[in-house]
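Peer 1: The structure file final.cif (mmCIF, C-alpha atoms) is provided below.
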data_my_file
loop_
_atom_site.group_PDB
_atom_site.id
_atom_site.type_symbol
_atom_site.label_atom_id
_atom_site.label_comp_id
_atom_site.auth_asym_id
_atom_site.auth_seq_id
_atom_site.Cartn_x
_atom_site.Cartn_y
_atom_site.Cartn_z
ATOM 1 C CA MET A 1 -54.589 -42.316 -23.723
ATOM 2 C CA ALA A 2 -57.107 -39.581 -24.477
ATOM 3 C CA GLU A 3 -56.953 -38.155 -28.002
ATOM 4 C CA GLN A 4 -55.421 -34.689 -28.101
ATOM 5 C CA LYS A 5 -57.924 -32.012 -29.045
ATOM 6 C CA PRO A 6 -57.141 -29.680 -31.968
ATOM 7 C CA ILE A 7 -55.934 -26.155 -31.326
ATOM 8 C CA HIS A 8 -57.793 -23.249 -32.929
ATOM 9 C CA TYR A 9 -55.992 -21.015 -35.458
ATOM 10 C CA PHE A 10 -57.189 -17.638 -36.682
ATOM 11 C CA VAL A 11 -55.252 -17.044 -39.893
ATOM 12 C CA TYR A 12 -54.826 -13.999 -42.126
ATOM 13 C CA SER A 13 -56.327 -15.197 -45.422
ATOM 14 C CA LYS A 14 -53.681 -13.590 -47.672
ATOM 15 C CA GLY A 15 -50.941 -15.364 -45.745
ATOM 16 C CA SER A 16 -52.692 -18.702 -45.382
ATOM 17 C CA ASP A 17 -49.894 -20.555 -47.194
ATOM 18 C CA SER A 18 -47.734 -20.038 -44.100
ATOM 19 C CA LEU A 19 -49.866 -22.525 -42.192
ATOM 20 C CA GLY A 20 -48.653 -25.393 -44.391
ATOM 21 C CA LEU A 21 -50.632 -28.428 -43.262
ATOM 22 C CA THR A 22 -47.687 -30.826 -43.576
ATOM 23 C CA ASN A 23 -47.050 -31.489 -39.899
ATOM 24 C CA ALA A 24 -49.013 -33.456 -37.320
ATOM 25 C CA THR A 25 -49.157 -30.338 -35.149
ATOM 26 C CA GLU A 26 -51.075 -28.479 -37.844
ATOM 27 C CA ASP A 27 -53.044 -31.447 -39.182
ATOM 28 C CA ASN A 28 -54.889 -31.423 -35.871
ATOM 29 C CA THR A 29 -56.235 -27.876 -36.073
ATOM 30 C CA ILE A 30 -59.383 -25.839 -36.519
ATOM 31 C CA VAL A 31 -58.858 -22.833 -38.789
ATOM 32 C CA LYS A 32 -60.877 -19.647 -39.200
ATOM 33 C CA TYR A 33 -59.653 -16.970 -41.608
ATOM 34 C CA PHE A 34 -59.754 -13.183 -41.308
ATOM 35 C CA ASP A 35 -59.232 -10.661 -44.127
ATOM 36 C CA SER A 36 -57.680 -7.593 -42.464
ATOM 37 C CA GLU A 37 -56.163 -6.292 -39.230
ATOM 38 C CA GLU A 38 -59.526 -4.702 -38.457
ATOM 39 C CA ASP A 39 -60.968 -8.188 -38.148
ATOM 40 C CA VAL A 40 -58.557 -9.144 -35.345
ATOM 41 C CA ASP A 41 -60.665 -9.018 -32.187
ATOM 42 C CA LEU A 42 -59.065 -11.216 -29.534
ATOM 43 C CA THR A 43 -62.089 -11.069 -27.242
ATOM 44 C CA LYS A 44 -64.333 -12.212 -30.091
ATOM 45 C CA PHE A 45 -61.862 -14.958 -31.016
ATOM 46 C CA ALA A 46 -61.799 -16.117 -27.384
ATOM 47 C CA GLU A 47 -65.596 -16.421 -27.317
ATOM 48 C CA ILE A 48 -65.520 -18.501 -30.491
ATOM 49 C CA VAL A 49 -63.006 -20.894 -28.902
ATOM 50 C CA LYS A 50 -64.935 -21.119 -25.633
ATOM 51 C CA ASN A 51 -68.017 -22.231 -27.555
ATOM 52 C CA LYS A 52 -66.198 -25.084 -29.295
ATOM 53 C CA PRO A 53 -65.935 -27.881 -26.718
ATOM 54 C CA ASN A 54 -63.999 -30.196 -29.022
ATOM 55 C CA CYS A 55 -60.893 -28.019 -29.307
ATOM 56 C CA VAL A 56 -58.172 -26.812 -26.933
ATOM 57 C CA ARG A 57 -59.981 -24.101 -24.983
ATOM 58 C CA LYS A 58 -57.168 -22.648 -22.883
ATOM 59 C CA HIS A 59 -55.206 -21.124 -25.788
ATOM 60 C CA PHE A 60 -55.618 -20.194 -29.433
ATOM 61 C CA ILE A 61 -53.225 -19.022 -32.159
ATOM 62 C CA VAL A 62 -53.434 -15.891 -34.313
ATOM 63 C CA ASN A 63 -51.259 -16.136 -37.428
ATOM 64 C CA LYS A 64 -50.228 -13.562 -40.033
ATOM 65 C CA GLY A 65 -47.328 -14.565 -42.272
ATOM 66 C CA ASP A 66 -44.386 -15.713 -40.170
ATOM 67 C CA GLU A 67 -45.732 -14.103 -36.984
ATOM 68 C CA TYR A 68 -47.621 -16.319 -34.578
ATOM 69 C CA ARG A 69 -49.341 -15.121 -31.431
ATOM 70 C CA ALA A 70 -50.507 -17.492 -28.726
ATOM 71 C CA VAL A 71 -53.389 -16.042 -26.723
ATOM 72 C CA GLU A 72 -54.813 -17.167 -23.386
ATOM 73 C CA THR A 73 -58.546 -17.606 -23.845
ATOM 74 C CA ASP A 74 -59.542 -16.415 -20.353
ATOM 75 C CA ASN A 75 -57.140 -13.442 -20.421
ATOM 76 C CA VAL A 76 -56.573 -12.171 -23.963
ATOM 77 C CA LYS A 77 -54.060 -9.613 -22.716
ATOM 78 C CA ASN A 78 -51.733 -12.508 -21.946
ATOM 79 C CA THR A 79 -50.102 -13.259 -25.296
ATOM 80 C CA TYR A 80 -46.827 -14.590 -26.620
ATOM 81 C CA VAL A 81 -45.439 -13.798 -30.080
ATOM 82 C CA PHE A 82 -43.083 -16.221 -31.841
ATOM 83 C CA SER A 83 -41.804 -17.035 -35.323
ATOM 84 C CA GLY A 84 -42.661 -19.916 -37.612
ATOM 85 C CA ARG A 85 -39.367 -21.622 -36.791
ATOM 86 C CA LEU A 86 -40.591 -22.220 -33.235
ATOM 87 C CA LYS A 87 -44.238 -22.939 -33.912
ATOM 88 C CA TYR A 88 -44.185 -26.744 -34.003
ATOM 89 C CA ARG A 89 -42.645 -27.093 -30.572
ATOM 90 C CA ILE A 90 -44.542 -24.220 -28.943
ATOM 91 C CA VAL A 91 -47.943 -25.098 -30.412
ATOM 92 C CA SER A 92 -47.458 -28.788 -29.588
ATOM 93 C CA LYS A 93 -46.734 -27.979 -25.942
ATOM 94 C CA LEU A 94 -49.713 -25.619 -25.673
ATOM 95 C CA ALA A 95 -52.037 -28.137 -27.312
ATOM 96 C CA ALA A 96 -50.829 -30.963 -25.059
ATOM 97 C CA GLY A 97 -51.135 -28.781 -21.952
ATOM 98 C CA THR A 98 -47.483 -29.309 -21.012
ATOM 99 C CA ALA A 99 -46.719 -25.569 -21.182
ATOM 100 C CA THR A 100 -48.495 -22.234 -20.918
ATOM 101 C CA ILE A 101 -47.811 -18.778 -22.324
ATOM 102 C CA ASP A 102 -46.141 -17.868 -19.035
ATOM 103 C CA THR A 103 -43.799 -20.849 -19.522
ATOM 104 C CA PHE A 104 -42.412 -19.318 -22.716
ATOM 105 C CA ILE A 105 -42.269 -15.786 -21.296
ATOM 106 C CA GLU A 106 -40.137 -17.073 -18.408
ATOM 107 C CA GLU A 107 -38.057 -19.093 -20.855
ATOM 108 C CA ASP A 108 -37.313 -15.891 -22.784
ATOM 109 C CA LYS A 109 -36.136 -14.197 -19.606
ATOM 110 C CA ARG A 110 -33.809 -17.084 -18.748
ATOM 111 C CA LEU A 111 -32.515 -17.087 -22.305
ATOM 112 C CA GLU A 112 -31.662 -13.404 -22.133
ATOM 113 C CA GLU A 113 -29.974 -13.808 -18.752
ATOM 114 C CA GLY A 114 -28.002 -16.749 -20.110
ATOM 115 C CA PHE A 115 -26.711 -14.562 -22.911
ATOM 116 C CA ALA A 116 -24.540 -12.445 -20.669
ATOM 117 C CA LYS A 117 -21.522 -11.586 -22.771
ATOM 118 C CA PRO A 118 -18.788 -14.146 -22.066
ATOM 119 C CA GLU A 119 -15.921 -12.359 -20.357
ATOM 120 C CA ARG A 120 -12.291 -12.992 -21.176
ATOM 121 C CA GLN A 121 -10.427 -14.193 -18.106
ATOM 122 C CA PRO A 122 -7.056 -12.525 -17.445
ATOM 123 C CA GLY A 123 -4.142 -14.943 -17.482
ATOM 124 C CA PHE A 124 -6.213 -17.563 -19.311
ATOM 125 C CA LYS A 125 -4.476 -20.931 -19.775
ATOM 126 C CA LEU A 126 -5.661 -23.965 -21.710
ATOM 127 C CA ARG A 127 -6.186 -26.870 -19.296
ATOM 128 C CA ASP A 128 -7.362 -30.445 -19.606
ATOM 129 C CA THR A 129 -10.228 -31.894 -17.551
ATOM 130 C CA ASN A 130 -7.792 -32.630 -14.713
ATOM 131 C CA GLY A 131 -6.943 -28.946 -14.484
ATOM 132 C CA GLU A 132 -3.425 -29.428 -15.800
ATOM 133 C CA ILE A 133 -2.083 -26.706 -18.115
ATOM 134 C CA ILE A 134 -1.597 -27.660 -21.768
ATOM 135 C CA PRO A 135 1.741 -26.073 -22.789
ATOM 136 C CA ASP A 136 2.119 -24.521 -26.240
ATOM 137 C CA GLY A 137 3.074 -27.093 -28.855
ATOM 138 C CA ILE A 138 1.750 -30.147 -26.973
ATOM 139 C CA THR A 139 -0.603 -32.162 -29.186
ATOM 140 C CA PHE A 140 -4.082 -33.204 -28.090
ATOM 141 C CA ALA A 141 -7.343 -34.474 -29.535
ATOM 142 C CA LEU A 142 -10.720 -32.791 -29.067
ATOM 143 C CA GLN A 143 -13.466 -35.227 -28.125
ATOM 144 C CA ILE A 144 -17.042 -34.134 -28.818
ATOM 145 C CA LEU A 145 -19.290 -35.141 -25.935
ATOM 146 C CA ARG A 146 -22.745 -36.402 -26.852
ATOM 147 C CA GLY A 147 -23.281 -39.493 -24.663
ATOM 148 C CA ARG A 148 -21.401 -42.136 -26.635
ATOM 149 C CA GLU A 149 -18.489 -42.031 -24.195
ATOM 150 C CA GLU A 150 -20.651 -43.830 -21.625
ATOM 151 C CA GLU A 151 -21.284 -46.706 -24.052
ATOM 152 C CA SER A 152 -17.569 -47.247 -24.676
ATOM 153 C CA ASP A 153 -16.985 -48.208 -21.032
ATOM 154 C CA GLU A 154 -19.126 -51.326 -21.474
ATOM 155 C CA GLU A 155 -17.297 -52.899 -24.413
ATOM 156 C CA ASP A 156 -16.533 -56.598 -24.501
ATOM 157 C CA GLU A 157 -12.817 -57.347 -24.121
ATOM 158 C CA GLU A 158 -12.976 -59.604 -27.194
ATOM 159 C CA GLU A 159 -14.125 -56.664 -29.331
ATOM 160 C CA THR A 160 -11.061 -54.592 -28.417
ATOM 161 C CA GLU A 161 -8.473 -57.363 -28.477
ATOM 162 C CA GLY A 162 -5.662 -56.660 -30.938
ATOM 163 C CA LEU A 163 -6.525 -52.977 -31.419
ATOM 164 C CA SER A 164 -3.722 -50.426 -31.323
ATOM 165 C CA LYS A 165 -3.458 -47.727 -28.672
ATOM 166 C CA ASP A 166 -4.821 -45.116 -31.074
ATOM 167 C CA GLU A 167 -7.683 -47.378 -32.163
ATOM 168 C CA LEU A 168 -8.639 -47.951 -28.532
ATOM 169 C CA LEU A 169 -8.484 -44.209 -27.826
ATOM 170 C CA TYR A 170 -10.787 -43.184 -30.663
ATOM 171 C CA ARG A 171 -13.127 -46.168 -30.731
ATOM 172 C CA ASN A 172 -16.853 -45.430 -30.185
ATOM 173 C CA LYS A 173 -16.261 -41.747 -29.518
ATOM 174 C CA ASP A 174 -16.853 -38.566 -31.514
ATOM 175 C CA TRP A 175 -13.992 -36.234 -32.383
ATOM 176 C CA VAL A 176 -13.154 -32.948 -34.032
ATOM 177 C CA GLY A 177 -11.551 -33.468 -37.430
ATOM 178 C CA VAL A 178 -10.493 -31.230 -40.296
ATOM 179 C CA ASN A 179 -12.145 -31.266 -43.726
ATOM 180 C CA SER A 180 -11.772 -29.221 -46.916
ATOM 181 C CA PHE A 181 -14.148 -27.773 -49.499
ATOM 182 C CA MET A 182 -11.481 -28.006 -52.180
ATOM 183 C CA ASN A 183 -9.739 -31.001 -53.735
ATOM 184 C CA ASP A 184 -6.444 -29.122 -53.515
ATOM 185 C CA GLY A 185 -6.664 -29.089 -49.713
ATOM 186 C CA LYS A 186 -7.400 -25.383 -49.297
ATOM 187 C CA ASP A 187 -10.173 -23.902 -47.153
ATOM 188 C CA HIS A 188 -9.792 -26.326 -44.268
ATOM 189 C CA PHE A 189 -12.574 -26.249 -41.681
ATOM 190 C CA LEU A 190 -13.581 -28.201 -38.572
ATOM 191 C CA CYS A 191 -16.103 -31.029 -38.586
ATOM 192 C CA GLY A 192 -17.302 -33.830 -36.328
ATOM 193 C CA GLN A 193 -16.031 -37.353 -37.016
ATOM 194 C CA VAL A 194 -16.774 -40.777 -35.559
ATOM 195 C CA ASP A 195 -14.080 -43.183 -34.316
ATOM 196 C CA GLY A 196 -11.184 -40.886 -35.205
ATOM 197 C CA GLY A 197 -10.152 -37.257 -35.373
ATOM 198 C CA ASP A 198 -7.153 -34.995 -35.900
ATOM 199 C CA SER A 199 -4.523 -33.701 -33.487
ATOM 200 C CA PHE A 200 -4.331 -30.079 -32.384
ATOM 201 C CA GLU A 201 -2.167 -27.795 -30.277
ATOM 202 C CA CYS A 202 -2.294 -24.276 -28.862
ATOM 203 C CA GLU A 203 -0.115 -21.190 -29.073
ATOM 204 C CA THR A 204 -0.117 -18.206 -26.731
ATOM 205 C CA ILE A 205 0.498 -14.781 -28.284
ATOM 206 C CA ASP A 206 0.203 -11.599 -26.190
ATOM 207 C CA ASN A 207 -1.621 -13.603 -23.467
ATOM 208 C CA ILE A 208 -4.217 -14.866 -25.961
ATOM 209 C CA VAL A 209 -4.521 -18.631 -26.458
ATOM 210 C CA TYR A 210 -5.067 -19.736 -30.061
ATOM 211 C CA LEU A 211 -6.078 -23.255 -31.077
ATOM 212 C CA LYS A 212 -4.085 -24.632 -34.000
ATOM 213 C CA TYR A 213 -3.971 -27.445 -36.549
ATOM 214 C CA ASP A 214 -0.916 -28.272 -38.653
ATOM 215 C CA GLY A 215 0.596 -24.822 -38.087
ATOM 216 C CA GLY A 216 -2.631 -22.979 -38.890
ATOM 217 C CA TYR A 217 -4.941 -21.070 -36.539
ATOM 218 C CA PHE A 218 -8.643 -21.599 -35.842
ATOM 219 C CA TYR A 219 -10.619 -18.583 -37.089
ATOM 220 C CA PHE A 220 -14.072 -17.396 -38.178
ATOM 221 C CA ASP A 221 -14.453 -15.921 -41.663
ATOM 222 C CA ASN A 222 -16.690 -12.956 -40.864
ATOM 223 C CA ASP A 223 -16.899 -12.017 -44.539
ATOM 224 C CA GLY A 224 -17.930 -15.503 -45.629
ATOM 225 C CA GLU A 225 -21.333 -17.123 -46.040
ATOM 226 C CA THR A 226 -20.907 -19.808 -43.380
ATOM 227 C CA ASN A 227 -20.347 -19.927 -39.623
ATOM 228 C CA ASP A 228 -17.675 -22.634 -39.873
ATOM 229 C CA ILE A 229 -14.380 -22.574 -37.995
ATOM 230 C CA PHE A 230 -11.602 -22.418 -40.576
ATOM 231 C CA ILE A 231 -7.865 -23.060 -40.395
ATOM 232 C CA GLY A 232 -5.573 -20.279 -41.648
ATOM 233 C CA LYS A 233 -1.850 -19.519 -41.620
ATOM 234 C CA ALA A 234 -2.242 -15.893 -40.441
ATOM 235 C CA VAL A 235 -2.817 -14.998 -36.784
ATOM 236 C CA PRO A 236 -6.547 -14.156 -36.615
ATOM 237 C CA THR A 237 -7.701 -10.577 -36.155
ATOM 238 C CA LYS A 238 -9.794 -9.745 -33.095
ATOM 239 C CA GLU A 239 -12.971 -10.138 -35.156
ATOM 240 C CA GLN A 240 -11.853 -13.573 -36.382
ATOM 241 C CA ARG A 241 -10.712 -15.052 -33.078
ATOM 242 C CA VAL A 242 -12.192 -18.156 -31.495
ATOM 243 C CA GLN A 243 -12.751 -17.709 -27.759
ATOM 244 C CA ILE A 244 -12.483 -20.651 -25.343
ATOM 245 C CA HIS A 245 -14.766 -21.045 -22.319
ATOM 246 C CA TYR A 246 -14.721 -23.650 -19.557
ATOM 247 C CA SER A 247 -17.871 -25.488 -18.521
ATOM 248 C CA ASP A 248 -18.436 -26.439 -14.896
ATOM 249 C CA ASP A 249 -16.963 -29.914 -15.440
ATOM 250 C CA GLY A 250 -13.726 -28.648 -16.981
ATOM 251 C CA ASP A 251 -14.608 -29.302 -20.620
ATOM 252 C CA ILE A 252 -14.529 -26.414 -23.082
ATOM 253 C CA CYS A 253 -17.004 -24.587 -25.334
ATOM 254 C CA LEU A 254 -16.267 -22.095 -28.112
ATOM 255 C CA THR A 255 -17.659 -18.723 -29.240
ATOM 256 C CA GLY A 256 -16.515 -15.866 -31.398
ATOM 257 C CA TRP A 257 -14.320 -13.344 -29.557
ATOM 258 C CA GLY A 258 -16.604 -11.711 -26.977
ATOM 259 C CA GLY A 259 -19.591 -13.299 -28.705
ATOM 260 C CA ARG A 260 -22.859 -14.514 -27.230
ATOM 261 C CA VAL A 261 -23.504 -17.436 -29.596
ATOM 262 C CA TYR A 262 -21.800 -20.756 -28.923
ATOM 263 C CA VAL A 263 -20.434 -23.210 -31.457
ATOM 264 C CA ALA A 264 -22.620 -26.291 -31.918
ATOM 265 C CA CYS A 265 -22.211 -29.592 -33.741
ATOM 266 C CA GLU A 266 -25.142 -30.764 -35.843
ATOM 267 C CA TRP A 267 -24.811 -34.408 -36.827
ATOM 268 C CA VAL A 268 -25.922 -34.340 -40.444
ATOM 269 C CA LYS A 269 -25.219 -38.044 -40.871
ATOM 270 C CA CYS A 270 -24.299 -40.691 -38.352
ATOM 271 C CA SER A 271 -20.629 -40.185 -39.136
ATOM 272 C CA TYR A 272 -20.418 -36.461 -39.957
ATOM 273 C CA GLY A 273 -21.010 -33.418 -37.753
ATOM 274 C CA ALA A 274 -21.298 -29.854 -39.048
ATOM 275 C CA ILE A 275 -19.434 -27.580 -36.602
ATOM 276 C CA GLY A 276 -20.103 -23.840 -36.462
ATOM 277 C CA LEU A 277 -21.790 -20.933 -34.717
ATOM 278 C CA ASP A 278 -25.517 -21.669 -34.555
ATOM 279 C CA ASP A 279 -27.757 -18.658 -33.946
ATOM 280 C CA ARG A 280 -31.022 -20.273 -34.992
ATOM 281 C CA GLU A 281 -33.856 -19.486 -32.603
ATOM 282 C CA GLU A 282 -34.507 -23.126 -31.776
ATOM 283 C CA GLN A 283 -30.827 -23.764 -31.054
ATOM 284 C CA LEU A 284 -30.523 -20.716 -28.803
ATOM 285 C CA ARG A 285 -33.664 -21.696 -26.903
ATOM 286 C CA TRP A 286 -33.441 -25.474 -26.628
ATOM 287 C CA GLY A 287 -30.074 -26.517 -28.024
ATOM 288 C CA SER A 288 -26.774 -27.101 -26.274
ATOM 289 C CA PRO A 289 -23.311 -25.821 -27.153
ATOM 290 C CA MET A 290 -20.751 -28.292 -28.386
ATOM 291 C CA LYS A 291 -18.700 -29.478 -25.419
ATOM 292 C CA LEU A 292 -15.142 -30.586 -26.080
ATOM 293 C CA ARG A 293 -12.869 -32.680 -23.899
ATOM 294 C CA ILE A 294 -9.120 -32.187 -24.318
ATOM 295 C CA ILE A 295 -7.322 -35.551 -24.582
ATOM 296 C CA ARG A 296 -3.543 -35.417 -24.504
ATOM 297 C CA LEU A 297 -1.831 -37.553 -27.141
#
Do you think you could lay out the structure here as structure tokens?
Peer 2:
Amino acid sequence: MAEQKPIHYFVYSKGSDSLGLTNATEDNTIVKYFDSEEDVDLTKFAEIVKNKPNCVRKHFIVNKGDEYRAVETDNVKNTYVFSGRLKYRIVSKLAAGTATIDTFIEEDKRLEEGFAKPERQPGFKLRDTNGEIIPDGITFALQILRGREEESDEEDEEETEGLSKDELLYRNKDWVGVNSFMNDGKDHFLCGQVDGGDSFECETIDNIVYLKYDGGYFYFDNDGETNDIFIGKAVPTKEQRVQIHYSDDGDICLTGWGGRVYVACEWVKCSYGAIGLDDREEQLRWGSPMKLRIIRL
């Protein structure tokens, strides 16, 4: 395999700390510094890159603080601006030749189109993956889908012998559970758990379906510091509501009421998943919403 050539950076000298040579993407770079905006001449930068045969010659990067601009060497009018949170993935793809500036411009367009505001469907009913309505008060589990469910189909019969019905149901799958910040049990919030979860139900009020746990309602604390889904005794206000959406395969995803950002599950440890709205740039661009499968109990 041919060694990947370094990509050329032109970096504002007063903001050079932002480059942070702590990543393989940036270890393999050539850096030239400039002192002011007046020194930014893309045509001149392009000529410098063209005359360095041992670097990536199709693109170069101009960096000032947290703003990064990828520039096409043969057409300096073709640029793409991105933040530091995206730089490792974008710069890596440009350096490897697996993407171009146009790739990311088109990706932005698809991202914006995909952010059409989720519409509330009239007469909405909660249904399982078979399309059957889940009546109010019927308990169910919420399975988090991330590929492990395929592994569970291949288990050895000896490994499952003697397990109870519940143990067989939850084994080798990921589930939504309820946790608490406080030792006294207050401030309950949702989390991802392995091999076991909690039971939930729904309640319909004024044609709005609310998800519930132990008599409390799912809600977002818009005045809080986190994007977690909490459990509260009061019926959520419009701003606090959790909205349910169906995916093409009948599983569900969650957003805020009328929101554009989906709830995701980030597995912090092998056995714990942080559940909440995730509006980070990298999640919106490359991540996937948390998909839940309703399992009747």
Peer 1: Return as a list in words the set of residues that the PyMOL selection byres ((chain A and resi 131) around 12) yields on the displayed structure.
Peer 2: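 This file, filtered by the PyMOL selection byres ((chain A and resi 131) around 12), leaves Lys125, Leu126, Arg127, Asp128, Thr129, Asn130, Glu132, Ile133, Ile134, Tyr246, Asp248, Asp249, Gly250, Asp251, Ile252, Arg293 and Ile294 of chain A.
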Peer 1: Which residues match the PyMOL selection byres ((chain A and resi 241) around 9) in the file above, as a list in words?
Peer 2: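 That expression, the PyMOL selection byres ((chain A and resi 241) around 9), corresponds here to Tyr210, Phe218, Tyr219, Phe220, Val235, Pro236, Thr237, Lys238, Glu239, Gln240, Val242, Gln243, Thr255, Gly256 and Trp257 of chain A.
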Peer 1: Counting only C-alpha atoms, which residue out of A:Arg85, A:Tyr33, A:Ile7, A:Asp39 sits closest to Gly97 of chain A?
Peer 2: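 Looking only at the distances to Gly97 of chain A, the closest residue turns out to be A:Ile7.
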Peer 1: Enumerate, as a tab-separated table (two decimals) with C-alpha atoms, keeping the file's coordinate frame, the residues matched when the PyMOL selection byres ((chain A and resi 226) around 12) is run on the file above.
Peer 2:
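Written out: part03.tsv:
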chain	number	residue	atom	x	y	z
A	189	PHE	CA	-12.57	-26.25	-41.68
A	220	PHE	CA	-14.07	-17.40	-38.18
A	221	ASP	CA	-14.45	-15.92	-41.66
A	222	ASN	CA	-16.69	-12.96	-40.86
A	223	ASP	CA	-16.90	-12.02	-44.54
A	224	GLY	CA	-17.93	-15.50	-45.63
A	225	GLU	CA	-21.33	-17.12	-46.04
A	227	ASN	CA	-20.35	-19.93	-39.62
A	228	ASP	CA	-17.68	-22.63	-39.87
A	229	ILE	CA	-14.38	-22.57	-37.99
A	230	PHE	CA	-11.60	-22.42	-40.58
A	274	ALA	CA	-21.30	-29.85	-39.05
A	275	ILE	CA	-19.43	-27.58	-36.60
A	276	GLY	CA	-20.10	-23.84	-36.46
A	277	LEU	CA	-21.79	-20.93	-34.72
A	278	ASP	CA	-25.52	-21.67	-34.56
A	279	ASP	CA	-27.76	-18.66	-33.95
Peer 1: Taking all atoms listed in the file into account, name the residue in A:Val178, A:Ala95, A:Ala264, A:Ile90 that is nearest to Phe200 of chain A.
Peer 2: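 The answer is A:Val178, which sits nearest to Phe200 of chain A.
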Peer 1: So the first atom is atom CA of Asn54 of chain A and the second is atom CA of Val81 of chain A; what is the distance between them in Å, to one decimal place?
Peer 2: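 Those two atoms sit 24.8 Å apart.
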Peer 1: Atom CA of Ile244 of chain A and atom CA of Tyr262 of chain A are how many Å apart?
Peer 2: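 That distance, rounded to one decimal, is 10.0 Å.
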Peer 1: Rounded to one decimal place, report the atom CA of Arg260 of chain A-atom CA of Ile144 of chain A distance in Å.
Peer 2: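 Atom-to-atom, atom CA of Arg260 of chain A and atom CA of Ile144 of chain A are spaced 20.5 Å apart.
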Peer 1: Looking at all atoms listed in the file, which of A:Thr100, A:Thr43, A:Ser271, A:Asn207 is the one that sits closest to His59 of chain A?
Peer 2: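 Counting all atoms listed in the file, the residue closest to His59 of chain A is A:Thr100.
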